[in-house]
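**Q** Below you'll find start05.txt; it's compact mmCIF, C-alpha atoms.
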```txt
# COMPACT_ATOMS: atom_id res chain seq x y z
CA MET D 9 97.35 36.37 15.53
CA THR D 10 97.93 37.21 11.91
CA LEU D 11 94.90 38.08 9.87
CA ASN D 12 94.47 38.25 6.16
CA TYR D 13 91.91 40.11 4.13
CA PRO D 14 90.73 38.28 0.99
CA ILE D 15 89.42 40.77 -1.52
CA SER D 16 86.64 38.33 -2.39
CA SER D 17 84.91 39.56 0.78
CA LEU D 18 84.51 42.98 -0.83
CA ALA D 19 81.73 41.51 -3.00
CA ALA D 20 79.32 42.28 -0.14
CA HIS D 21 79.78 46.01 -0.69
CA PRO D 22 77.63 48.04 -3.07
CA PRO D 23 79.05 48.77 -6.52
CA ARG D 24 80.72 52.17 -6.37
CA LEU D 25 78.74 53.39 -9.36
CA SER D 26 75.06 53.09 -8.42
CA PRO D 27 73.33 55.57 -10.77
CA ALA D 28 70.04 55.52 -8.84
CA TYR D 29 72.06 57.29 -6.13
CA LYS D 30 72.91 60.23 -8.33
CA SER D 31 75.91 61.59 -6.46
CA THR D 32 77.87 58.42 -7.29
CA VAL D 33 77.97 59.35 -10.99
CA LYS D 34 80.70 61.99 -10.71
CA ARG D 35 82.43 60.56 -7.68
CA THR D 36 83.31 57.08 -8.92
CA PRO D 37 86.64 56.40 -10.63
CA SER D 38 86.26 55.59 -14.32
CA LYS D 39 89.42 53.47 -14.46
CA PRO D 40 89.71 50.06 -12.81
CA LEU D 41 91.24 50.02 -9.33
CA ILE D 42 94.70 48.44 -9.23
CA ILE D 43 94.96 45.25 -7.23
CA MET D 44 98.05 45.00 -5.03
CA ARG D 45 99.42 42.68 -2.40
CA HIS D 46 98.80 43.80 1.14
CA THR D 47 101.92 45.10 2.84
CA LEU D 48 102.46 46.12 6.45
CA SER D 49 100.99 49.48 5.52
CA GLU D 50 97.63 47.83 4.82
CA LEU D 51 97.83 45.05 7.43
CA THR D 52 98.33 47.37 10.39
CA GLY D 53 96.02 50.10 11.59
CA PRO D 54 95.51 52.78 14.19
CA VAL D 55 95.00 51.55 17.73
CA TYR D 56 92.68 53.82 19.68
CA GLY D 57 91.16 52.95 22.98
CA HIS D 58 89.53 54.29 26.06
CA GLU D 59 91.67 57.45 26.08
CA THR D 60 89.65 58.58 23.05
CA VAL D 61 86.28 58.05 24.71
CA ARG D 62 84.88 60.09 27.58
CA GLU D 63 82.31 58.98 30.11
CA ASN D 64 78.80 59.23 28.60
CA ASP D 65 80.09 59.60 25.05
CA ASN D 66 77.98 56.50 24.32
CA ASP D 67 74.80 58.00 25.79
CA LEU D 68 73.44 60.62 23.40
CA THR D 69 70.60 61.43 25.80
CA LEU D 70 72.98 62.79 28.47
CA GLN D 71 75.10 65.19 26.44
CA CYS D 72 73.00 68.32 26.89
CA LYS D 73 71.31 70.10 29.77
CA GLY D 74 67.94 68.46 29.25
CA GLU D 75 66.64 65.26 27.76
CA PRO D 76 66.15 65.07 24.02
CA LEU D 77 62.67 64.50 22.61
CA GLY D 78 61.79 61.27 20.90
CA GLU D 79 61.83 57.57 21.49
CA ARG D 80 64.75 56.55 23.71
CA ILE D 81 66.46 53.40 22.42
CA ILE D 82 69.39 51.15 23.24
CA VAL D 83 71.55 50.21 20.25
CA HIS D 84 74.04 47.49 20.97
CA GLY D 85 75.80 44.60 19.32
CA HIS D 86 78.94 42.66 18.64
CA VAL D 87 81.83 43.76 16.45
CA LEU D 88 83.13 40.59 14.79
CA ASP D 89 85.72 39.51 12.26
CA GLU D 90 84.97 37.14 9.39
CA ASP D 91 85.80 34.15 11.58
CA GLY D 92 83.15 35.22 14.07
CA ARG D 93 85.62 36.34 16.71
CA GLY D 94 84.85 39.48 18.65
CA VAL D 95 86.98 42.51 17.78
CA PRO D 96 88.00 43.89 21.19
CA ASN D 97 88.79 47.46 22.19
CA THR D 98 88.01 49.00 18.83
CA LEU D 99 86.59 52.47 18.35
CA VAL D 100 82.95 52.73 17.24
CA GLU D 101 81.67 56.18 16.24
CA LEU D 102 78.09 57.08 15.31
CA TRP D 103 76.11 60.07 14.16
CA GLN D 104 72.46 60.51 13.28
CA ALA D 105 69.47 62.80 12.77
CA ASN D 106 67.19 63.69 15.68
CA ALA D 107 63.70 62.29 16.26
CA CYS D 108 62.32 64.70 13.63
CA GLY D 109 64.79 63.59 10.97
CA ARG D 110 66.83 66.80 11.24
CA TYR D 111 70.61 66.78 11.32
CA ILE D 112 72.47 69.40 13.32
CA HIS D 113 74.84 69.87 10.35
CA VAL D 114 74.66 73.45 9.02
CA VAL D 115 73.80 72.27 5.51
CA ASP D 116 70.61 70.49 6.62
CA GLN D 117 68.04 73.30 6.52
CA HIS D 118 64.87 71.31 5.85
CA PRO D 119 61.85 72.48 7.84
CA ALA D 120 61.97 70.17 10.83
CA PRO D 121 63.00 71.39 14.26
CA LEU D 122 66.42 71.02 15.81
CA ASP D 123 66.42 69.66 19.33
CA PRO D 124 68.51 71.83 21.67
CA ASN D 125 69.12 68.75 23.78
CA PHE D 126 70.39 66.51 21.01
CA THR D 127 73.63 66.69 19.06
CA GLY D 128 73.45 63.25 17.51
CA ALA D 129 77.11 62.22 17.80
CA GLY D 130 78.57 59.48 19.96
CA ARG D 131 81.50 57.17 20.29
CA THR D 132 82.49 54.16 22.33
CA GLN D 133 85.02 51.39 22.46
CA SER D 134 84.07 47.75 22.07
CA ASP D 135 84.78 45.76 25.23
CA ALA D 136 87.26 42.90 25.65
CA GLU D 137 84.87 40.55 23.81
CA GLY D 138 83.94 43.03 21.10
CA TYR D 139 80.55 44.17 22.44
CA TYR D 140 79.43 47.80 22.29
CA LYS D 141 76.38 49.74 23.49
CA PHE D 142 74.82 53.16 22.89
CA VAL D 143 71.76 54.89 24.31
CA THR D 144 70.18 57.34 21.90
CA ILE D 145 66.93 58.54 20.31
CA LYS D 146 65.32 56.80 17.38
CA PRO D 147 66.03 59.01 14.36
CA GLY D 148 63.23 60.13 12.05
CA ALA D 149 63.04 59.64 8.29
CA TYR D 150 65.00 62.25 6.39
CA PRO D 151 64.00 63.95 3.09
CA TRP D 152 66.70 64.50 0.47
CA GLY D 153 66.96 65.77 -3.07
CA ASN D 154 68.00 62.66 -4.96
CA HIS D 155 64.63 62.33 -6.72
CA HIS D 156 61.04 63.50 -6.31
CA ASN D 157 59.69 62.77 -2.82
CA ALA D 158 62.89 61.03 -1.74
CA TRP D 159 63.06 60.02 1.93
CA ARG D 160 65.85 58.12 3.62
CA PRO D 161 64.70 55.31 5.90
CA ALA D 162 65.55 56.02 9.53
CA HIS D 163 69.21 55.18 9.95
CA ILE D 164 72.22 55.63 12.22
CA HIS D 165 75.66 56.16 10.65
CA PHE D 166 78.46 53.97 12.04
CA SER D 167 82.23 54.28 11.68
CA VAL D 168 84.35 51.35 12.91
CA PHE D 169 88.10 50.71 12.83
CA GLY D 170 88.89 47.02 13.42
CA HIS D 171 92.28 45.31 13.22
CA SER D 172 93.79 47.11 10.24
CA PHE D 173 93.44 50.15 8.03
CA ILE D 174 91.71 47.95 5.43
CA SER D 175 89.14 46.63 7.91
CA ARG D 176 87.90 50.22 8.26
CA LEU D 177 84.13 50.39 7.74
CA VAL D 178 81.62 53.21 7.45
CA THR D 179 78.05 51.99 7.17
CA GLN D 180 74.47 52.75 8.18
CA MET D 181 72.23 50.83 10.55
CA TYR D 182 68.56 50.59 9.66
CA PHE D 183 65.48 49.63 11.68
CA PRO D 184 63.40 46.52 10.97
CA GLY D 185 60.29 46.84 8.83
CA ASP D 186 60.90 50.36 7.54
CA PRO D 187 58.36 51.10 4.78
CA LEU D 188 60.91 53.26 2.95
CA PHE D 189 63.27 50.38 2.17
CA PRO D 190 61.94 49.66 -1.36
CA PHE D 191 62.40 53.29 -2.40
CA ASP D 192 65.85 54.08 -1.03
CA PRO D 193 68.71 53.92 -3.57
CA ILE D 194 71.39 53.96 -0.87
CA PHE D 195 69.97 50.96 1.00
CA ASN D 196 69.31 49.18 -2.30
CA SER D 197 72.79 49.94 -3.65
CA VAL D 198 73.68 46.70 -1.88
CA THR D 199 72.34 44.35 -4.52
CA ASP D 200 72.44 41.09 -2.58
CA GLU D 201 69.39 40.77 -0.34
CA LYS D 202 71.19 38.83 2.39
CA ALA D 203 73.96 41.42 2.48
CA ARG D 204 71.37 44.20 2.56
CA ASN D 205 69.62 42.59 5.50
CA ARG D 206 72.88 42.61 7.47
CA MET D 207 72.48 46.40 7.70
CA ILE D 208 69.10 46.07 9.45
CA SER D 209 69.15 45.89 13.23
CA SER D 210 66.85 43.47 15.00
CA PHE D 211 64.41 44.35 17.76
CA ASP D 212 65.75 42.87 20.99
CA LEU D 213 63.10 42.26 23.65
CA GLU D 214 65.57 40.54 25.95
CA ASN D 215 67.63 43.70 26.32
CA THR D 216 64.69 46.08 26.23
CA GLN D 217 64.45 47.80 29.61
CA PRO D 218 60.96 47.96 31.13
CA GLU D 219 59.51 51.46 31.23
CA TRP D 220 62.76 52.85 29.87
CA ALA D 221 63.88 51.96 26.32
CA LEU D 222 63.47 49.52 23.46
CA ALA D 223 66.65 47.73 22.43
CA TYR D 224 67.93 47.04 18.94
CA ARG D 225 70.81 44.70 18.19
CA PHE D 226 73.23 45.53 15.39
CA ASN D 227 76.19 43.23 14.87
CA ILE D 228 78.98 44.56 12.67
CA VAL D 229 81.23 42.16 10.77
CA LEU D 230 84.57 43.57 9.64
CA ARG D 231 87.10 42.16 7.22
CA GLY D 232 89.75 39.86 8.66
CA ARG D 233 90.28 36.10 8.72
CA ASN D 234 92.81 33.80 10.23
CA ALA D 235 95.74 33.44 7.91
CA THR D 236 96.15 29.84 6.75
CA PRO D 237 98.74 28.39 4.37
CA MET D 238 95.97 27.82 1.81
CA GLU D 239 95.19 31.50 1.70
CA THR D 240 98.77 32.75 1.65
CA LYS D 241 100.04 33.42 -1.82
CA MET X 30 80.53 31.26 22.10
CA SER X 31 81.30 29.25 19.01
CA GLU X 32 83.18 30.97 16.27
CA THR X 33 81.55 30.57 12.90
CA ALA X 34 82.33 32.24 9.61
CA LYS X 35 80.55 35.53 9.07
CA GLU X 36 80.02 37.67 6.02
CA ILE X 37 81.02 41.28 6.28
CA THR X 38 78.64 44.18 6.84
CA PRO X 39 78.27 46.17 3.61
CA SER X 40 79.59 49.70 3.41
CA GLN X 41 77.32 52.72 3.02
CA THR X 42 78.19 56.30 2.21
CA VAL X 43 79.45 58.60 4.94
CA GLY X 44 76.82 61.02 3.58
CA PRO X 45 76.86 64.82 3.64
CA TYR X 46 76.50 65.31 7.40
CA PHE X 47 79.38 63.44 9.04
CA ALA X 48 81.22 66.61 10.10
CA TYR X 49 79.52 67.15 13.46
CA GLY X 50 80.32 63.57 14.48
CA LEU X 51 83.66 62.81 12.81
CA THR X 52 85.35 66.14 12.05
CA PRO X 53 83.64 68.79 14.24
CA ASN X 54 86.78 70.98 14.35
CA GLY X 55 85.26 73.51 16.74
CA LYS X 56 82.16 74.09 14.63
CA TYR X 57 79.90 71.79 16.61
CA ASP X 58 79.35 70.96 20.25
CA TRP X 59 81.36 67.74 20.06
CA ASN X 60 85.04 67.03 20.51
CA ASP X 61 87.43 65.79 17.85
CA ALA X 62 88.84 62.34 18.45
CA PHE X 63 91.42 62.90 15.71
CA SER X 64 93.32 65.69 14.09
CA ASN X 65 95.12 66.51 10.88
CA ASN X 66 98.24 67.27 12.92
CA LEU X 67 99.99 63.97 13.67
CA VAL X 68 103.18 65.46 15.08
CA THR X 69 103.82 65.06 18.80
CA SER X 70 106.57 66.84 20.70
CA ASP X 71 108.61 63.64 20.97
CA THR X 72 108.28 62.65 17.30
CA SER X 73 111.56 62.39 15.47
CA GLY X 74 111.84 62.85 11.73
CA GLU X 75 111.40 65.49 9.07
CA ARG X 76 108.33 67.68 9.65
CA ILE X 77 106.28 68.00 6.51
CA ARG X 78 102.91 69.29 5.42
CA VAL X 79 100.92 67.41 2.80
CA GLU X 80 98.14 69.41 1.19
CA GLY X 81 95.96 69.50 -1.88
CA ARG X 82 92.41 69.62 -3.14
CA VAL X 83 89.85 66.97 -4.02
CA PHE X 84 87.91 67.16 -7.31
CA ASP X 85 85.01 65.21 -8.81
CA GLY X 86 84.49 64.05 -12.40
CA ASP X 87 83.41 67.53 -13.51
CA GLY X 88 86.55 69.04 -12.03
CA ALA X 89 84.44 70.63 -9.30
CA PRO X 90 85.93 70.75 -5.79
CA VAL X 91 84.56 68.24 -3.29
CA PRO X 92 83.80 70.27 -0.15
CA ASP X 93 82.27 67.42 1.82
CA CYS X 94 84.77 64.60 1.93
CA MET X 95 86.78 63.12 4.77
CA LEU X 96 90.38 62.04 4.32
CA GLU X 97 92.24 59.69 6.63
CA ILE X 98 95.94 58.82 6.51
CA TRP X 99 97.85 55.94 8.06
CA GLN X 100 101.61 55.88 8.05
CA ALA X 101 104.82 54.61 9.60
CA ASP X 102 107.10 56.79 11.69
CA ALA X 103 110.42 58.15 10.41
CA GLN X 104 112.06 54.79 11.14
CA GLY X 105 109.41 52.91 9.16
CA ARG X 106 107.61 51.46 12.21
CA PHE X 107 103.86 51.37 12.74
CA ASN X 108 102.23 52.18 16.06
CA ASP X 109 100.37 48.86 16.08
CA PRO X 110 101.45 45.70 17.94
CA GLN X 111 100.64 43.74 14.78
CA ASP X 112 103.86 45.22 13.41
CA LYS X 113 106.10 42.56 14.99
CA ARG X 114 109.21 44.68 14.62
CA ALA X 115 110.23 47.27 17.17
CA LEU X 116 107.39 49.61 18.06
CA PRO X 117 107.83 53.37 17.79
CA ASN X 118 109.61 54.91 20.74
CA SER X 119 107.44 58.03 20.65
CA SER X 120 103.81 58.99 21.03
CA PHE X 121 103.48 59.33 17.26
CA ARG X 122 100.28 57.46 16.32
CA GLY X 123 100.50 57.56 12.55
CA PHE X 124 96.80 58.27 12.00
CA GLY X 125 95.20 61.52 10.91
CA ARG X 126 91.77 62.66 9.80
CA VAL X 127 90.48 65.83 8.20
CA GLY X 128 87.33 67.09 6.51
CA SER X 129 87.83 68.98 3.24
CA ASP X 130 87.12 72.71 3.29
CA GLY X 131 84.75 74.67 1.06
CA ASN X 132 87.28 74.59 -1.77
CA GLY X 133 87.89 70.85 -1.49
CA GLY X 134 91.16 71.59 0.28
CA TYR X 135 92.91 69.41 2.83
CA ALA X 136 96.18 69.45 4.73
CA PHE X 137 98.03 67.14 7.12
CA ASP X 138 100.98 68.11 9.29
CA THR X 139 103.08 65.05 9.88
CA ILE X 140 106.57 63.61 9.45
CA LYS X 141 107.99 61.95 6.41
CA PRO X 142 107.63 58.21 6.99
CA GLY X 143 110.57 55.83 6.77
CA VAL X 144 110.97 52.74 4.64
CA VAL X 145 108.51 49.87 5.16
CA PRO X 146 109.22 46.41 3.73
CA ASP X 147 106.90 44.71 1.27
CA PRO X 148 105.86 41.06 1.84
CA ASP X 149 109.13 39.87 0.23
CA GLY X 150 111.19 42.12 2.46
CA LYS X 151 111.95 44.55 -0.34
CA PRO X 152 111.88 48.20 0.69
CA GLN X 153 108.89 50.34 -0.23
CA ALA X 154 109.49 54.00 -0.84
CA PRO X 155 108.16 56.35 1.87
CA HIS X 156 104.39 56.66 1.51
CA LEU X 157 101.17 57.46 3.30
CA VAL X 158 98.07 55.30 2.87
CA LEU X 159 95.08 57.55 2.19
CA ALA X 160 91.40 56.67 2.52
CA VAL X 161 88.80 58.97 0.93
CA PHE X 162 85.19 59.04 2.18
CA ALA X 163 82.45 61.25 0.73
CA ARG X 164 78.80 61.73 -0.04
CA GLY X 165 78.31 59.95 -3.35
CA MET X 166 80.85 57.29 -2.41
CA LEU X 167 79.21 54.09 -1.18
CA LEU X 168 82.59 52.65 -0.25
CA HIS X 169 85.72 54.62 0.59
CA LEU X 170 88.67 54.64 -1.79
CA TYR X 171 92.26 53.77 -0.94
CA THR X 172 95.26 55.38 -2.54
CA ARG X 173 98.84 56.21 -1.55
CA ILE X 174 100.81 59.42 -1.35
CA TYR X 175 104.48 59.16 -2.34
CA PHE X 176 107.04 61.98 -2.32
CA ASP X 177 108.73 63.58 -5.28
CA GLY X 178 112.50 63.39 -5.28
CA GLU X 179 112.72 60.07 -3.40
CA ALA X 180 115.23 57.86 -5.17
CA ALA X 181 113.41 54.83 -3.71
CA ASN X 182 110.31 55.60 -5.82
CA ALA X 183 112.01 54.06 -8.85
CA ALA X 184 112.16 50.64 -7.20
CA ASP X 185 108.89 50.77 -5.23
CA PRO X 186 106.95 47.53 -5.83
CA VAL X 187 103.52 49.20 -5.62
CA LEU X 188 104.36 52.11 -7.90
CA ALA X 189 105.69 49.50 -10.32
CA LEU X 190 102.14 48.12 -10.65
CA VAL X 191 100.92 51.49 -11.90
CA PRO X 192 101.17 52.41 -15.61
CA SER X 193 104.00 54.92 -15.89
CA ASP X 194 101.74 57.62 -17.33
CA ARG X 195 99.54 57.51 -14.21
CA ARG X 196 102.24 57.34 -11.52
CA ALA X 197 102.38 61.10 -11.14
CA THR X 198 98.87 61.02 -9.63
CA LEU X 199 100.42 59.33 -6.57
CA ILE X 200 103.50 61.49 -6.12
CA ALA X 201 103.23 64.70 -4.12
CA THR X 202 105.37 67.54 -5.46
CA ARG X 203 107.42 69.73 -3.18
CA LYS X 204 106.52 73.41 -3.06
CA PRO X 205 109.45 75.78 -3.46
CA GLY X 206 110.35 77.60 -0.29
CA THR X 207 112.31 77.39 2.90
CA GLY X 208 111.19 76.02 6.23
CA ASN X 209 109.37 72.73 6.66
CA ALA X 210 108.74 70.95 3.39
CA VAL X 211 105.26 71.31 1.93
CA TYR X 212 104.15 68.60 -0.48
CA CYS X 213 101.13 69.03 -2.76
CA LEU X 214 98.90 66.38 -4.21
CA ASP X 215 95.41 66.85 -5.62
CA ILE X 216 92.98 63.93 -5.58
CA ARG X 217 90.85 63.51 -8.71
CA LEU X 218 88.05 61.03 -8.18
CA GLN X 219 87.26 60.69 -11.89
CA GLY X 220 88.22 61.92 -15.34
CA ASP X 221 91.38 63.54 -16.70
CA ASN X 222 94.37 62.74 -14.53
CA GLU X 223 92.17 60.53 -12.36
CA THR X 224 94.04 59.48 -9.22
CA VAL X 225 95.13 55.85 -9.12
CA PHE X 226 93.12 53.99 -6.51
CA PHE X 227 93.90 50.53 -5.17
CA GLU X 228 91.65 47.54 -4.56
CA VAL X 229 92.95 46.37 -1.23
```
Can you give me the file's structure in the form of structure tokens?
**A**
Amino acid sequence: MTLNYPISSLAAHPPRLSPAYKSTVKRTPSKPLIIMRHTLSELTGPVYGHETVRENDNDLTLQCKGEPLGERIIVHGHVLDEDGRGVPNTLVELWQANACGRYIHVVDQHPAPLDPNFTGAGRTQSDAEGYYKFVTIKPGAYPWGNHHNAWRPAHIHFSVFGHSFISRLVTQMYFPGDPLFPFDPIFNSVTDEKARNRMISSFDLENTQPEWALAYRFNIVLRGRNATPMETK
Amino acid sequence: MSETAKEITPSQTVGPYFAYGLTPNGKYDWNDAFSNNLVTSDTSGERIRVEGRVFDGDGAPVPDCMLEIWQADAQGRFNDPQDKRALPNSSFRGFGRVGSDGNGGYAFDTIKPGVVPDPDGKPQAPHLVLAVFARGMLLHLYTRIYFDGEAANAADPVLALVPSDRRATLIATRKPGTGNAVYCLDIRLQGDNETVFFEV
């Protein structure tokens, strides 16, 4: 299968310069990006599989001696391409704050407790149909210094590879109904409402496990379409 | 399941705290999936180091970015079955990842890649594809690293797209010295001598 990657699909992404998110101001190129034809260097990508993932790397509640505090959740979904086909055997990495909204990163020193039983990092490989699953703790809201009383909505960071180096995606998964959505410049950097909503997971009663954990579904759509003569220039 | 067209998931910033998940490098209780050393014992080709620093629009170093490279082996082959030509005959994967240090510095130990054809079959000069992720970047940036002194640079179809006065931002210069070649290239996200980035 040969895929192509129309750059028109990039319109779903936030504009690089989003001044409400202040750190973008000095970290956005001032000159236009140069458009080029995709060569093999862009159309291929690293292939990493199960050898990269250890048992329980996808269960963030089992990585330490004891159980982490907070609300245990299942986060699962389907990694897809733009034609709706599952992306099999691709690496999915995630990282997140703990239930109190505190990151284990040394730079996060805000006064919320670390959890000795929670690191907040995980990885897995999508299965042969493109499905993935994590067990983790629902992260708390996180305060940051972008503006007065700035709080990030609860979110989980995702890093996904896909079929090529240009299908690479780093994004954040949000939880439905978060009251912080209207005030978050990172979430709202995605200007199209439908595109924004694709970053919000959905509560999934069907996969919620009784007396164990709520489930949230988060499908991830990566660049990549079937090549057709019409689209080949 | 029926296959219907889907629209892509938007990108969001990698944020300031990716290191413990993506580039722990011994500082956190989590293992690294990737390294900035791509060389395996069975890799053929010229061993090189590529290093530099990353700067923002004020010329301040960027201490919290992640760089990823993707490249062909010394024979110009990618370790991906989508490359329909012969696959590499070594365990060289062609992918590396590193987090910048407190001075915005980065380094990759790898091999100089071979020649990869463009879509018309014309040779491209040896190059690495580089992706830059950082706090303050809602979507990663793509650029390329070429090598000073390569005669093939003059005919490279991608370099030819770049105004001549900006091409130097893509060409790593070789440090004087003996031993394995060390190539240097700084990445400037904005401002004077801003690195050329590609919309791919």
**Q** Would you compute, for all listed atoms of segment 176-192 of chain D, the axis-aligned bounding box grown by 5 Å on each side, and then report its centre and edge lengths in Å rounded to one decimal, as AutoDock Vina command-line options?
**A**
```
--center_x 73.1 --center_y 50.3 --center_z 4.6 --size_x 39.5 --size_y 17.6 --size_z 24.1
```
**Q** For the atom pair atom CA of Val187 of chain X and atom CA of Arg173 of chain X, what is the interatomic distance in Å to one decimal place?
**A** 9.4 Å
**Q** Give as number ranges by chain every residue, naming chains and numbers as the document does, that has an atom within 12 Å of (71.9, 47.3, -4.3), counting all atoms listed in the file.
**A** D: 19-29, 189-205; X: 39-41, 167
**Q** Can you work out which residues from chain X touch chain D at a cut-off of 8 Å (counting all atoms listed in the file) and hand them back as a ChimeraX atom specification?
**A** /X:31-43,46-51,58-59,62,85-87,99-101,107-109,111-112,122-124,145-148,158,164-168,187,190-191,218-220,223,225-229
**Q** Using all atoms listed in the file, which residue out of X:Gly133, X:Ala160, X:Gly143, X:Glu80 lies closest to Cys213 of chain X?
**A**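 Looking at the shortest contact to Cys213 of chain X, the residue is X:Glu80.
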**Q** Could you work out how far atom CA of Arg126 of chain X lies from atom CA of Asp138 of chain X, giving the answer in Å with one decimal?
**A**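 Atom-to-atom, atom CA of Asp138 of chain X and atom CA of Arg126 of chain X are spaced 10.7 Å apart.
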